[in-house]
$ cat my_file.txt   # compact mmCIF, C-alpha atoms
# COMPACT_ATOMS: atom_id res chain seq x y z
CA ALA A 587 82.06 190.33 187.37
CA ALA A 588 81.99 189.72 183.60
CA LEU A 589 84.74 192.31 183.14
CA GLY A 590 86.81 190.62 185.83
CA ALA A 591 86.37 187.24 184.15
CA ARG A 592 87.54 188.72 180.85
CA ILE A 593 90.78 190.09 182.31
CA GLY A 594 91.37 187.40 184.94
CA ALA A 595 90.68 189.63 187.98
CA GLN A 596 88.78 187.80 190.73
CA ARG A 597 88.68 190.51 193.41
CA LEU A 598 87.04 193.73 192.26
CA LEU A 599 85.55 196.71 194.05
CA SER A 600 82.91 198.44 191.93
CA PHE A 601 82.40 202.20 192.28
CA ASP A 602 79.52 203.85 190.43
CA MET A 603 79.15 207.62 190.78
CA GLY A 604 76.28 209.31 189.00
CA GLY A 605 74.43 212.58 189.40
CA THR A 606 72.79 211.98 192.78
CA THR A 607 74.32 208.91 194.45
CA ALA A 608 77.42 206.75 194.57
CA LYS A 609 77.29 202.98 195.02
CA ALA A 610 79.89 200.38 195.95
CA ALA A 611 79.93 196.59 195.85
CA THR A 612 82.48 193.79 196.07
CA ILE A 613 83.21 190.89 193.74
CA LEU A 614 85.00 187.99 195.44
CA ASP A 615 86.33 185.03 193.46
CA GLY A 616 84.50 186.39 190.42
CA ILE A 617 81.11 186.49 192.18
CA ALA A 618 79.21 189.65 193.10
CA GLN A 619 78.38 189.56 196.80
CA VAL A 620 74.68 189.11 197.46
CA ALA A 621 72.43 190.02 200.39
CA HIS A 622 69.30 187.97 201.01
CA GLU A 623 67.24 190.61 202.78
CA TYR A 624 66.52 194.24 201.98
CA GLU A 625 64.39 197.04 203.36
CA ALA A 626 62.68 199.01 200.61
CA ALA A 627 62.17 202.76 201.17
CA GLY A 628 64.34 202.56 204.29
CA ARG A 629 66.50 205.35 205.64
CA THR A 630 70.28 205.33 205.65
CA HIS A 631 72.94 207.03 207.74
CA SER A 632 76.49 207.40 206.37
CA GLY A 633 75.77 204.65 203.87
CA HIS A 634 74.39 202.23 206.49
CA ALA A 635 70.77 201.08 206.23
CA ILE A 636 68.78 201.81 209.40
CA LYS A 637 67.06 198.55 210.28
CA GLY A 638 63.33 198.74 210.80
CA SER A 639 62.96 201.99 208.85
CA GLY A 640 61.62 200.41 205.63
CA TYR A 641 59.61 197.52 204.27
CA PRO A 642 61.37 194.14 204.48
CA VAL A 643 61.90 192.30 201.20
CA ARG A 644 63.35 188.79 201.37
CA PHE A 645 64.83 188.46 197.93
CA PRO A 646 68.46 188.15 196.82
CA PHE A 647 70.06 191.29 195.41
CA VAL A 648 73.59 192.58 194.83
CA ASP A 649 74.83 193.83 198.19
CA LEU A 650 75.38 197.56 197.65
CA ALA A 651 76.38 200.42 199.90
CA GLU A 652 74.92 203.71 198.68
CA VAL A 653 75.59 207.29 199.75
CA SER A 654 74.08 210.62 198.68
CA ALA A 655 77.09 211.74 196.69
CA GLY A 656 77.00 212.63 193.02
CA GLY A 657 77.77 215.34 190.53
CA GLY A 658 74.63 217.24 191.49
CA THR A 659 75.20 217.08 195.27
CA VAL A 660 74.89 220.59 196.74
CA ALA A 661 77.52 222.32 198.88
CA TRP A 662 76.21 224.52 201.70
CA ILE A 663 77.20 226.20 204.96
CA ASP A 664 75.56 225.04 208.19
CA ASP A 665 74.53 227.21 211.15
CA ALA A 666 77.96 226.77 212.74
CA GLY A 667 79.66 228.10 209.62
CA ALA A 668 81.05 224.73 208.51
CA LEU A 669 81.14 223.51 204.93
CA ARG A 670 78.75 220.66 204.17
CA VAL A 671 78.21 218.66 200.99
CA GLY A 672 74.92 216.79 200.59
CA PRO A 673 72.64 215.03 201.06
CA ILE A 674 70.66 217.64 199.09
CA SER A 675 71.00 217.27 195.33
CA ALA A 676 70.28 219.63 192.47
CA GLY A 677 69.40 216.62 190.33
CA ALA A 678 69.44 216.84 186.55
CA ASP A 679 67.03 219.79 186.54
CA PRO A 680 67.93 222.47 187.52
CA GLY A 681 71.24 220.66 187.95
CA PRO A 682 74.62 222.23 188.75
CA ALA A 683 75.04 225.99 188.41
CA CYS A 684 77.15 225.51 185.27
CA TYR A 685 74.04 224.12 183.54
CA GLY A 686 72.65 227.65 183.62
CA LYS A 687 69.46 227.07 185.64
CA SER A 688 70.67 227.36 189.24
CA ASP A 689 72.99 229.35 191.46
CA ARG A 690 73.71 226.60 194.01
CA ALA A 691 77.23 225.18 194.08
CA THR A 692 77.52 221.46 193.43
CA VAL A 693 80.29 218.89 193.11
CA THR A 694 80.27 219.33 189.33
CA ASP A 695 80.72 223.09 189.72
CA ALA A 696 83.66 222.49 192.06
CA ASN A 697 85.30 220.23 189.47
CA VAL A 698 84.80 222.91 186.81
CA VAL A 699 86.43 225.53 189.07
CA LEU A 700 89.37 223.18 189.72
CA GLY A 701 89.86 222.69 185.98
CA ARG A 702 89.18 218.96 186.05
CA LEU A 703 86.20 219.32 183.71
CA HIS A 704 86.05 221.04 180.34
CA GLN A 705 85.34 224.75 180.72
CA THR A 706 82.81 225.17 177.88
CA HIS A 707 81.02 221.87 177.28
CA LEU A 708 80.40 218.24 178.20
CA LEU A 709 79.19 215.22 176.17
CA GLY A 710 81.69 215.75 173.40
CA GLY A 711 80.37 219.24 172.70
CA ASP A 712 76.68 218.33 172.75
CA PHE A 713 76.06 219.97 176.16
CA PRO A 714 77.36 223.53 176.71
CA ILE A 715 78.22 224.64 180.24
CA ASP A 716 78.96 228.02 181.80
CA ALA A 717 82.17 227.98 183.85
CA SER A 718 81.55 231.55 185.06
CA ARG A 719 78.27 230.49 186.72
CA ALA A 720 80.05 227.56 188.37
CA ARG A 721 82.71 229.91 189.69
CA ALA A 722 80.14 232.41 190.97
CA ALA A 723 78.22 229.67 192.81
CA VAL A 724 81.34 228.24 194.46
CA ASN A 725 82.57 231.76 195.21
CA GLU A 726 79.45 232.34 197.33
CA VAL A 727 80.50 229.37 199.46
CA ALA A 728 84.10 230.64 199.54
CA ARG A 729 82.98 234.12 200.63
CA ARG A 730 81.24 232.73 203.70
CA LEU A 731 84.28 230.60 204.52
CA GLU A 732 86.65 233.54 203.90
CA MET A 733 88.87 231.65 201.49
CA ARG A 734 89.76 231.54 197.82
CA VAL A 735 87.20 230.10 195.45
CA GLU A 736 89.63 227.34 194.41
CA GLN A 737 90.21 226.38 198.04
CA ALA A 738 86.46 226.14 198.60
CA ALA A 739 86.12 223.98 195.48
CA ALA A 740 88.91 221.70 196.70
CA GLY A 741 87.14 221.44 200.07
CA ILE A 742 83.88 220.45 198.37
CA VAL A 743 85.63 217.71 196.41
CA ALA A 744 87.49 216.48 199.51
CA LEU A 745 84.22 216.16 201.46
CA ILE A 746 82.43 214.28 198.69
CA ASP A 747 85.43 211.98 198.31
CA ASP A 748 85.29 211.25 202.04
CA ALA A 749 81.57 210.42 201.81
CA MET A 750 82.15 208.04 198.91
CA ALA A 751 85.12 206.41 200.63
CA LYS A 752 82.70 205.48 203.44
CA ALA A 753 80.65 203.42 200.97
CA LEU A 754 83.79 201.58 199.88
CA ARG A 755 84.75 200.93 203.52
CA ILE A 756 81.29 199.55 204.30
CA VAL A 757 81.58 196.81 201.67
CA THR A 758 85.20 195.99 202.53
CA ILE A 759 86.79 196.91 205.86
CA GLU A 760 83.55 196.68 207.85
CA ARG A 761 83.04 193.17 206.47
CA GLY A 762 86.52 191.92 207.23
CA ILE A 763 87.85 192.47 203.69
CA ASP A 764 91.14 194.22 202.97
CA PRO A 765 90.52 196.67 200.07
CA ARG A 766 94.25 196.80 199.30
CA ASP A 767 93.91 193.39 197.67
CA PHE A 768 91.29 194.65 195.21
CA THR A 769 91.15 196.40 191.86
CA LEU A 770 88.79 199.39 191.80
CA VAL A 771 86.44 199.52 188.79
CA ALA A 772 85.31 203.13 188.35
CA PHE A 773 82.28 203.92 186.24
CA GLY A 774 79.23 206.14 186.02
CA GLY A 775 79.52 209.70 184.75
CA GLY A 776 81.59 210.81 187.74
CA GLY A 777 83.41 207.67 188.90
CA PRO A 778 86.62 208.05 186.87
CA LEU A 779 86.92 211.69 187.93
CA HIS A 780 87.17 210.77 191.63
CA ALA A 781 88.67 207.27 191.46
CA CYS A 782 92.30 208.17 192.22
CA ALA A 783 91.37 210.03 195.41
CA LEU A 784 89.31 207.09 196.68
CA ALA A 785 92.01 204.59 195.77
CA ASP A 786 94.57 206.68 197.66
CA GLU A 787 92.28 206.77 200.70
CA LEU A 788 91.88 202.98 200.79
CA GLU A 789 95.44 202.23 199.58
CA ILE A 790 94.16 200.51 196.46
CA ARG A 791 96.91 200.16 193.87
CA ARG A 792 95.00 199.56 190.63
CA ILE A 793 92.00 201.15 188.91
CA LEU A 794 90.12 200.03 185.81
CA VAL A 795 87.97 202.39 183.72
CA PRO A 796 85.79 200.49 181.22
CA ALA A 797 85.29 201.65 177.65
CA HIS A 798 82.03 203.53 178.25
CA PRO A 799 81.78 204.25 181.99
CA GLY A 800 78.57 206.29 181.80
CA LEU A 801 76.79 203.38 180.12
CA PHE A 802 78.49 200.55 181.99
CA SER A 803 75.51 199.70 184.24
CA ALA A 804 73.15 199.57 181.25
CA PHE A 805 75.50 197.29 179.34
CA GLY A 806 75.85 195.16 182.46
CA LEU A 807 72.09 194.68 182.51
CA LEU A 808 72.15 193.54 178.88
CA ASP A 809 74.97 191.10 179.63
CA ALA A 810 73.60 189.83 182.95
CA GLU A 811 73.07 186.13 183.59
CA LEU A 812 69.71 184.63 184.44
CA HIS A 813 69.48 183.30 187.99
CA VAL A 814 67.23 180.88 189.82
CA ASN A 815 67.57 180.99 193.61
CA ASP A 816 66.23 178.36 195.99
CA VAL A 817 66.46 178.30 199.78
CA TRP A 818 65.04 175.78 202.24
CA PRO A 819 65.38 175.17 206.01
CA VAL A 820 67.56 172.39 207.39
CA MET A 821 67.98 173.60 211.02
CA SER A 822 70.59 171.27 212.42
CA ALA A 823 73.81 171.38 214.35
CA ALA A 824 76.61 171.09 211.80
CA ASP A 825 77.98 167.90 213.33
CA ALA A 826 74.50 166.28 213.16
CA LEU A 827 73.59 167.44 209.65
CA ASP A 828 71.77 164.87 207.51
CA VAL A 829 74.15 165.24 204.57
CA ARG A 830 72.40 162.64 202.39
CA SER A 831 69.06 164.46 202.69
CA VAL A 832 70.65 167.82 201.87
CA GLU A 833 72.52 166.37 198.89
CA ARG A 834 69.29 164.83 197.52
CA ALA A 835 67.58 168.21 197.85
CA PHE A 836 70.43 169.96 196.02
CA THR A 837 70.20 167.45 193.16
CA ALA A 838 66.41 167.67 192.81
CA LYS A 839 66.29 171.45 193.05
CA GLY A 840 69.21 171.74 190.65
CA SER A 841 67.33 169.72 188.04
CA ARG A 842 64.27 171.96 188.38
CA ALA A 843 66.42 175.09 188.21
CA ARG A 844 68.10 173.87 185.02
CA THR A 845 64.70 173.28 183.41
CA GLU A 846 63.52 176.75 184.41
CA LEU A 847 66.65 178.48 183.12
CA CYS A 848 66.39 176.70 179.77
CA ARG A 849 62.71 177.67 179.58
CA GLN A 850 63.75 181.31 180.03
CA GLY A 851 66.28 181.08 177.20
CA ALA A 852 69.55 180.19 178.94
CA ARG A 853 71.94 177.99 176.98
CA ASP A 854 72.28 174.64 178.73
CA GLU A 855 76.08 174.50 178.38
CA THR A 856 76.41 177.80 180.29
CA ILE A 857 74.41 176.74 183.35
CA ALA A 858 76.37 176.61 186.61
CA PHE A 859 75.39 175.95 190.22
CA ARG A 860 76.55 177.40 193.52
CA ARG A 861 75.78 175.61 196.80
CA GLU A 862 75.73 177.60 200.03
CA CYS A 863 74.29 177.46 203.51
CA ASP A 864 73.35 179.92 206.24
CA ALA A 865 75.09 179.16 209.53
CA ARG A 866 75.34 180.69 213.00
CA TYR A 867 76.47 180.00 216.53
CA ARG A 868 73.68 178.51 218.62
CA GLY A 869 71.75 181.33 220.25
CA GLN A 870 72.59 183.96 217.62
CA SER A 871 69.72 185.71 215.82
CA PHE A 872 71.60 186.24 212.55
CA GLU A 873 73.40 184.01 210.07
CA LEU A 874 76.36 184.19 207.71
CA THR A 875 76.14 182.64 204.26
CA ILE A 876 79.10 180.38 203.48
CA ALA A 877 79.99 177.81 200.82
CA TYR A 878 78.34 174.44 201.48
CA ASP A 879 80.46 171.31 201.92
CA SER A 880 79.37 167.69 202.22
CA ASN A 881 81.81 167.40 205.13
CA PRO A 882 80.06 168.90 208.22
CA ALA A 883 83.41 169.57 209.91
CA ARG A 884 84.42 171.70 206.95
CA ILE A 885 81.15 173.67 207.22
CA ALA A 886 81.95 174.50 210.85
CA GLU A 887 85.51 175.42 209.93
CA ARG A 888 84.35 177.75 207.17
CA PHE A 889 81.85 179.40 209.48
CA HIS A 890 84.51 180.07 212.13
CA GLU A 891 86.73 181.63 209.45
CA SER A 892 83.90 183.77 208.07
CA HIS A 893 82.80 184.92 211.53
CA ARG A 894 86.37 185.84 212.46
CA ALA A 895 86.83 187.82 209.23
CA ARG A 896 83.51 189.65 209.65
CA TYR A 897 83.48 190.34 213.39
CA GLY A 898 87.09 189.95 214.47
CA TYR A 899 86.63 186.83 216.60
CA ASP A 900 85.34 183.27 216.49
CA ALA A 901 84.16 180.78 219.13
CA PRO A 902 85.42 177.32 218.18
CA ASP A 903 83.91 175.72 221.29
CA GLU A 904 80.38 176.90 220.43
CA VAL A 905 77.91 174.76 218.48
CA VAL A 906 77.57 175.78 214.83
CA GLU A 907 74.02 175.51 213.49
CA VAL A 908 73.15 175.19 209.81
CA VAL A 909 69.88 177.08 209.38
CA ASN A 910 69.22 177.08 205.62
CA ALA A 911 70.62 175.51 202.47
CA ARG A 912 70.84 177.67 199.32
CA LEU A 913 71.18 176.84 195.66
CA THR A 914 71.90 179.47 193.02
CA ALA A 915 71.70 178.41 189.38
CA SER A 916 72.91 180.79 186.66
CA GLY A 917 72.95 180.69 182.88
CA LYS A 918 73.72 182.97 179.97
CA VAL A 919 71.36 183.98 177.19
CA ALA A 920 72.35 185.11 173.70
CA ALA A 921 72.78 188.90 173.86
CA VAL A 922 70.75 189.54 170.71
CA GLY A 923 69.58 193.07 171.51
CA ALA A 924 72.69 194.04 173.44
CA ARG A 925 75.01 194.11 170.45
CA ALA A 926 72.60 196.19 168.34
CA THR A 927 72.06 198.63 171.19
CA LEU A 928 75.81 198.83 171.76
CA ARG A 929 76.48 199.62 168.09
CA VAL A 930 73.85 202.39 167.98
CA THR A 931 75.02 203.95 171.24
CA LEU A 932 78.67 203.86 170.30
CA SER A 933 77.98 205.39 166.90
CA LEU A 934 76.11 208.25 168.57
CA SER A 935 78.93 208.95 171.03
CA SER A 936 81.59 208.61 168.32
CA GLY A 937 79.64 211.05 166.17
CA ALA A 938 79.60 213.60 168.98
CA GLU A 939 83.33 213.17 169.56
CA SER A 940 83.97 213.64 165.83
CA ARG A 941 81.92 216.84 165.78
CA ASP A 942 83.98 218.05 168.71
CA LYS A 943 87.27 217.66 166.80
CA GLY A 944 89.30 220.82 166.65
CA ARG A 945 88.04 222.07 170.03
CA HIS A 946 90.27 219.87 172.15
CA GLU A 947 92.80 221.50 174.44
CA ALA A 948 96.40 220.34 174.58
CA THR A 949 96.68 221.42 178.21
CA ARG A 950 94.46 222.87 180.91
CA ALA A 951 95.18 224.69 184.15
CA VAL A 952 94.21 222.36 187.01
CA TRP A 953 94.27 223.26 190.71
CA ILE A 954 96.72 220.88 192.43
CA ASP A 955 98.29 221.40 195.87
CA ASN A 956 97.09 225.03 196.17
CA ASN A 957 98.36 226.08 192.74
CA PHE A 958 97.28 225.92 189.13
CA THR A 959 99.37 223.52 187.05
CA ASP A 960 99.24 223.04 183.29
CA VAL A 961 98.05 219.46 182.81
CA PRO A 962 97.97 217.56 179.48
CA VAL A 963 94.51 216.70 178.15
CA PHE A 964 93.99 213.56 176.05
CA GLN A 965 91.02 212.26 174.07
CA ARG A 966 90.33 208.64 174.90
CA ASN A 967 89.41 207.67 171.34
CA ALA A 968 92.87 208.84 170.24
CA LEU A 969 94.77 206.69 172.75
CA ARG A 970 96.31 203.50 171.47
CA SER A 971 97.09 200.21 173.17
CA GLU A 972 100.24 200.20 175.32
CA THR A 973 100.09 204.00 175.70
CA THR A 974 101.49 205.15 179.07
CA ILE A 975 100.68 208.54 180.61
CA ALA A 976 102.10 209.87 183.88
CA GLY A 977 99.81 211.94 186.10
CA PRO A 978 98.66 214.54 186.51
CA ALA A 979 96.65 214.23 183.32
CA ILE A 980 93.08 214.35 182.05
CA VAL A 981 91.44 211.91 179.64
CA GLU A 982 88.16 213.08 178.11
CA GLN A 983 85.49 211.08 176.33
CA TYR A 984 81.81 211.45 175.51
CA ASP A 985 80.35 210.09 178.75
CA THR A 986 82.98 210.87 181.39
CA THR A 987 86.30 212.47 182.29
CA THR A 988 89.12 210.48 183.88
CA TYR A 989 91.44 212.40 186.18
CA VAL A 990 94.89 210.84 186.54
CA ALA A 991 96.20 212.26 189.81
CA PRO A 992 99.85 212.94 190.63
CA ARG A 993 101.79 209.76 191.49
CA TRP A 994 99.49 207.71 189.25
CA LYS A 995 100.19 206.29 185.79
CA LEU A 996 97.65 205.46 183.13
CA GLY A 997 98.00 202.66 180.60
CA VAL A 998 95.76 201.42 177.80
CA GLU A 999 95.02 197.70 177.57
CA ASP A 1000 92.61 196.81 174.77
CA ASP A 1001 89.50 198.91 175.52
CA LEU A 1002 90.36 199.55 179.19
CA LEU A 1003 92.12 202.40 180.92
CA VAL A 1004 94.35 200.94 183.65
CA LEU A 1005 95.62 203.27 186.36
CA ALA A 1006 98.37 202.21 188.75
CA ARG A 1007 100.07 203.92 191.67
CA ASP A 1008 103.51 205.12 190.61
CA GLY A 1009 106.23 202.83 191.95
CA ARG A 1010 103.87 199.98 192.86

$ encode --input "my_file.txt" --output "structure tokens"
Amino acid sequence: AALGARIGAQRLLSFDMGGTTAKAATILDGIAQVAHEYEAAGRTHSGHAIKGSGYPVRFPFVDLAEVSAGGGTVAWIDDAGALRVGPISAGADPGPACYGKSDRATVTDANVVLGRLHQTHLLGGDFPIDASRARAAVNEVARRLEMRVEQAAAGIVALIDDAMAKALRIVTIERGIDPRDFTLVAFGGGGPLHACALADELEIRRILVPAHPGLFSAFGLLDAELHVNDVWPVMSAADALDVRSVERAFTAKGSRARTELCRQGARDETIAFRRECDARYRGQSFELTIAYDSNPARIAERFHESHRARYGYDAPDEVVEVVNARLTASGKVAAVGARATLRVTLSLSSGAESRDKGRHEATRAVWIDNNFTDVPVFQRNALRSETTIAGPAIVEQYDTTTYVAPRWKLGVEDDLLVLARDGR
């Protein structure tokens, strides 16, 4: 959300791919979408939480969809002879076969075989890998499928891309949101490597890769706002809502929230408030959270719109009930430790990239459309603002690799990589 505010983008779709899982969330009008209930230790199926399988926690959190898909996700053959990828993960230890401790094929090994990852090392030269072990592991899968090792690797990547696309669909299409209107923000160690494929699948036209994708979540934590959340019951038909009473409650609770935020270190001039309410049709057992309005007719109108977007229909003749009122207060603190941590981390990564100088490839053979193609390889720290690169291409940096697929173009804007579909 902070990145979107900096560049003036209000509708973002975040995609974080790490070693074991991939997560997706939406940012609408500059605000990360929040869920008010969660089941801890619950089971999931295809990215959907199975209700009743965990321990209920009634506390606001960023509404994420998560799937078992990461660089360490294992490829295997089921009893019917079909290729499967996940949910088993090799984790960080033993990790992918190319790490030298395992012989099980993973998503990372498949990307090594396809030429999308460096063939001798990662982390700017600090972490050696063995491409021959990756190839041998994927070849075992290919042997059972009776196909070329590169075709098996491409199949592994296609399956993991499909699994991750499901997470993106859950937080967009299944909630009445058109992903084509969004910019995809790809981060985590593996996000930029798979971003183009996911954007193609959801017809997203623009991708942003932040300066340090592998550290983006950590920096987000350092830059996060403080929040105070308050919720209280009002239980009334919208057209009979006691607006004066609700407004008095908002004012009183807002004053207390401001005091609490300042006590925790928030700067008073940064404090902002968001008023919402939970509404439903009479007789429903679930609510939708919508923006509050002092005009009850507008509350009902917003609920009809939200219900139609989420479920595909509305019922304008039904009574709309307002169940709860919600107040969210947010404020910024001075990022004292964040800047120091950022400087240390960046100096470490820059040092590794400097040590790696002289070992960069100009091109690399990458498997595209059933053939190897020589693809240019760029170092991100050498790219300058207003640079434009046509895909296919590879951009390497300390904490990730960005794959620019065919029909995509990459540009550099300040410290961001901006990918756009060719001709759009």

$ residues_around --input "my_file.txt" --residues "segment 890-905 of chain A" --least-positions-apart "6" --cutoff "10 Å" --atoms "all atoms listed in the file" --output "PyMOL selection string"
chain A and resi 758-764+823-825+865-869+873-876+884

$ closest_residue --input "my_file.txt" --among "A:Phe768, A:Phe958, A:Phe836, A:Phe889" --to "Thr612 of chain A" --atoms "all atoms listed in the file"
A:Phe768

$ residues_around --input "my_file.txt" --residues "segment 687-702 of chain A" --least-positions-apart "3" --cutoff "9 Å" --atoms "only C-alpha atoms" --output "VMD selection string"
chain A and resid 605 655 to 662 671 to 672 675 to 676 679 to 684 705 717 to 727 735 to 743 746 776 779 950 to 954 958 980 987 to 989

$ residues_near_point --input "my_file.txt" --point "(79.3, 208.0, 195.8)" --cutoff "7 Å" --atoms "all atoms listed in the file" --output "ChimeraX atom specification"
/A:602-603,607-609,652-656,749-750

$ closest_residue --input "my_file.txt" --among "A:Leu754, A:Asp716, A:Pro882, A:Pro978" --to "Ala991 of chain A" --atoms "only C-alpha atoms"
A:Pro978

$ closest_residue --input "my_file.txt" --among "A:Phe647, A:Phe773, A:Trp818, A:Phe601" --to "Cys863 of chain A" --atoms "only C-alpha atoms"
A:Trp818

$ atom_distance --input "my_file.txt" --atom1 "atom CA of Asp854 of chain A" --atom2 "atom CA of Val919 of chain A"
9.5 Å

$ atom_distance --input "my_file.txt" --atom1 "atom CA of Ala666 of chain A" --atom2 "atom CA of Asp747 of chain A"
22.0 Å

$ residues_near_point --input "my_file.txt" --point "(82.6, 201.7, 190.1)" --cutoff "9 Å" --atoms "only C-alpha atoms" --output "ChimeraX atom specification"
/A:599-603,608-611,770-774,777-778,781,794-795,799

$ write_last_selection --input "my_file.txt" --atoms "C-alpha atoms" --output "PDB file, in the frame of the given file"
ATOM      1  CA  LEU A 599      85.550 196.710 194.050  1.00  0.00           C
ATOM      2  CA  SER A 600      82.910 198.440 191.930  1.00  0.00           C
ATOM      3  CA  PHE A 601      82.400 202.200 192.280  1.00  0.00           C
ATOM      4  CA  ASP A 602      79.520 203.850 190.430  1.00  0.00           C
ATOM      5  CA  MET A 603      79.150 207.620 190.780  1.00  0.00           C
ATOM      6  CA  ALA A 608      77.420 206.750 194.570  1.00  0.00           C
ATOM      7  CA  LYS A 609      77.290 202.980 195.020  1.00  0.00           C
ATOM      8  CA  ALA A 610      79.890 200.380 195.950  1.00  0.00           C
ATOM      9  CA  ALA A 611      79.930 196.590 195.850  1.00  0.00           C
ATOM     10  CA  LEU A 770      88.790 199.390 191.800  1.00  0.00           C
ATOM     11  CA  VAL A 771      86.440 199.520 188.790  1.00  0.00           C
ATOM     12  CA  ALA A 772      85.310 203.130 188.350  1.00  0.00           C
ATOM     13  CA  PHE A 773      82.280 203.920 186.240  1.00  0.00           C
ATOM     14  CA  GLY A 774      79.230 206.140 186.020  1.00  0.00           C
ATOM     15  CA  GLY A 777      83.410 207.670 188.900  1.00  0.00           C
ATOM     16  CA  PRO A 778      86.620 208.050 186.870  1.00  0.00           C
ATOM     17  CA  ALA A 781      88.670 207.270 191.460  1.00  0.00           C
ATOM     18  CA  LEU A 794      90.120 200.030 185.810  1.00  0.00           C
ATOM     19  CA  VAL A 795      87.970 202.390 183.720  1.00  0.00           C
ATOM     20  CA  PRO A 799      81.780 204.250 181.990  1.00  0.00           C
TER      21      PRO A 799
END

$ residues_around --input "my_file.txt" --residues "segment 996-1006 of chain A" --least-positions-apart "5" --cutoff "9 Å" --atoms "all atoms listed in the file" --output "list in words"
Cys782, Ile790, Arg791, Arg792, Ile793, Leu794, Val795, Pro796, Ala797, Arg966, Leu969, Arg970, Ser971, Glu972, Thr973, Thr974, Ile975, Ala976, Gly977, Ala979 and Val990 of chain A

$ residues_around --input "my_file.txt" --residues "Gly775 of chain A" --least-positions-apart "3" --cutoff "6 Å" --atoms "only C-alpha atoms" --output "compact mmCIF listing (two decimals) with C-alpha atoms, keeping the file's coordinate frame"
# COMPACT_ATOMS: atom_id res chain seq x y z
CA GLY A 604 76.28 209.31 189.00
CA GLY A 800 78.57 206.29 181.80
CA THR A 986 82.98 210.87 181.39

$ atom_distance --input "my_file.txt" --atom1 "atom CA of Ile617 of chain A" --atom2 "atom CA of Ala587 of chain A"
6.2 Å

$ closest_residue --input "my_file.txt" --among "A:Asn956, A:Val814, A:Glu862, A:Glu982" --to "Lys839 of chain A" --atoms "only C-alpha atoms"
A:Val814
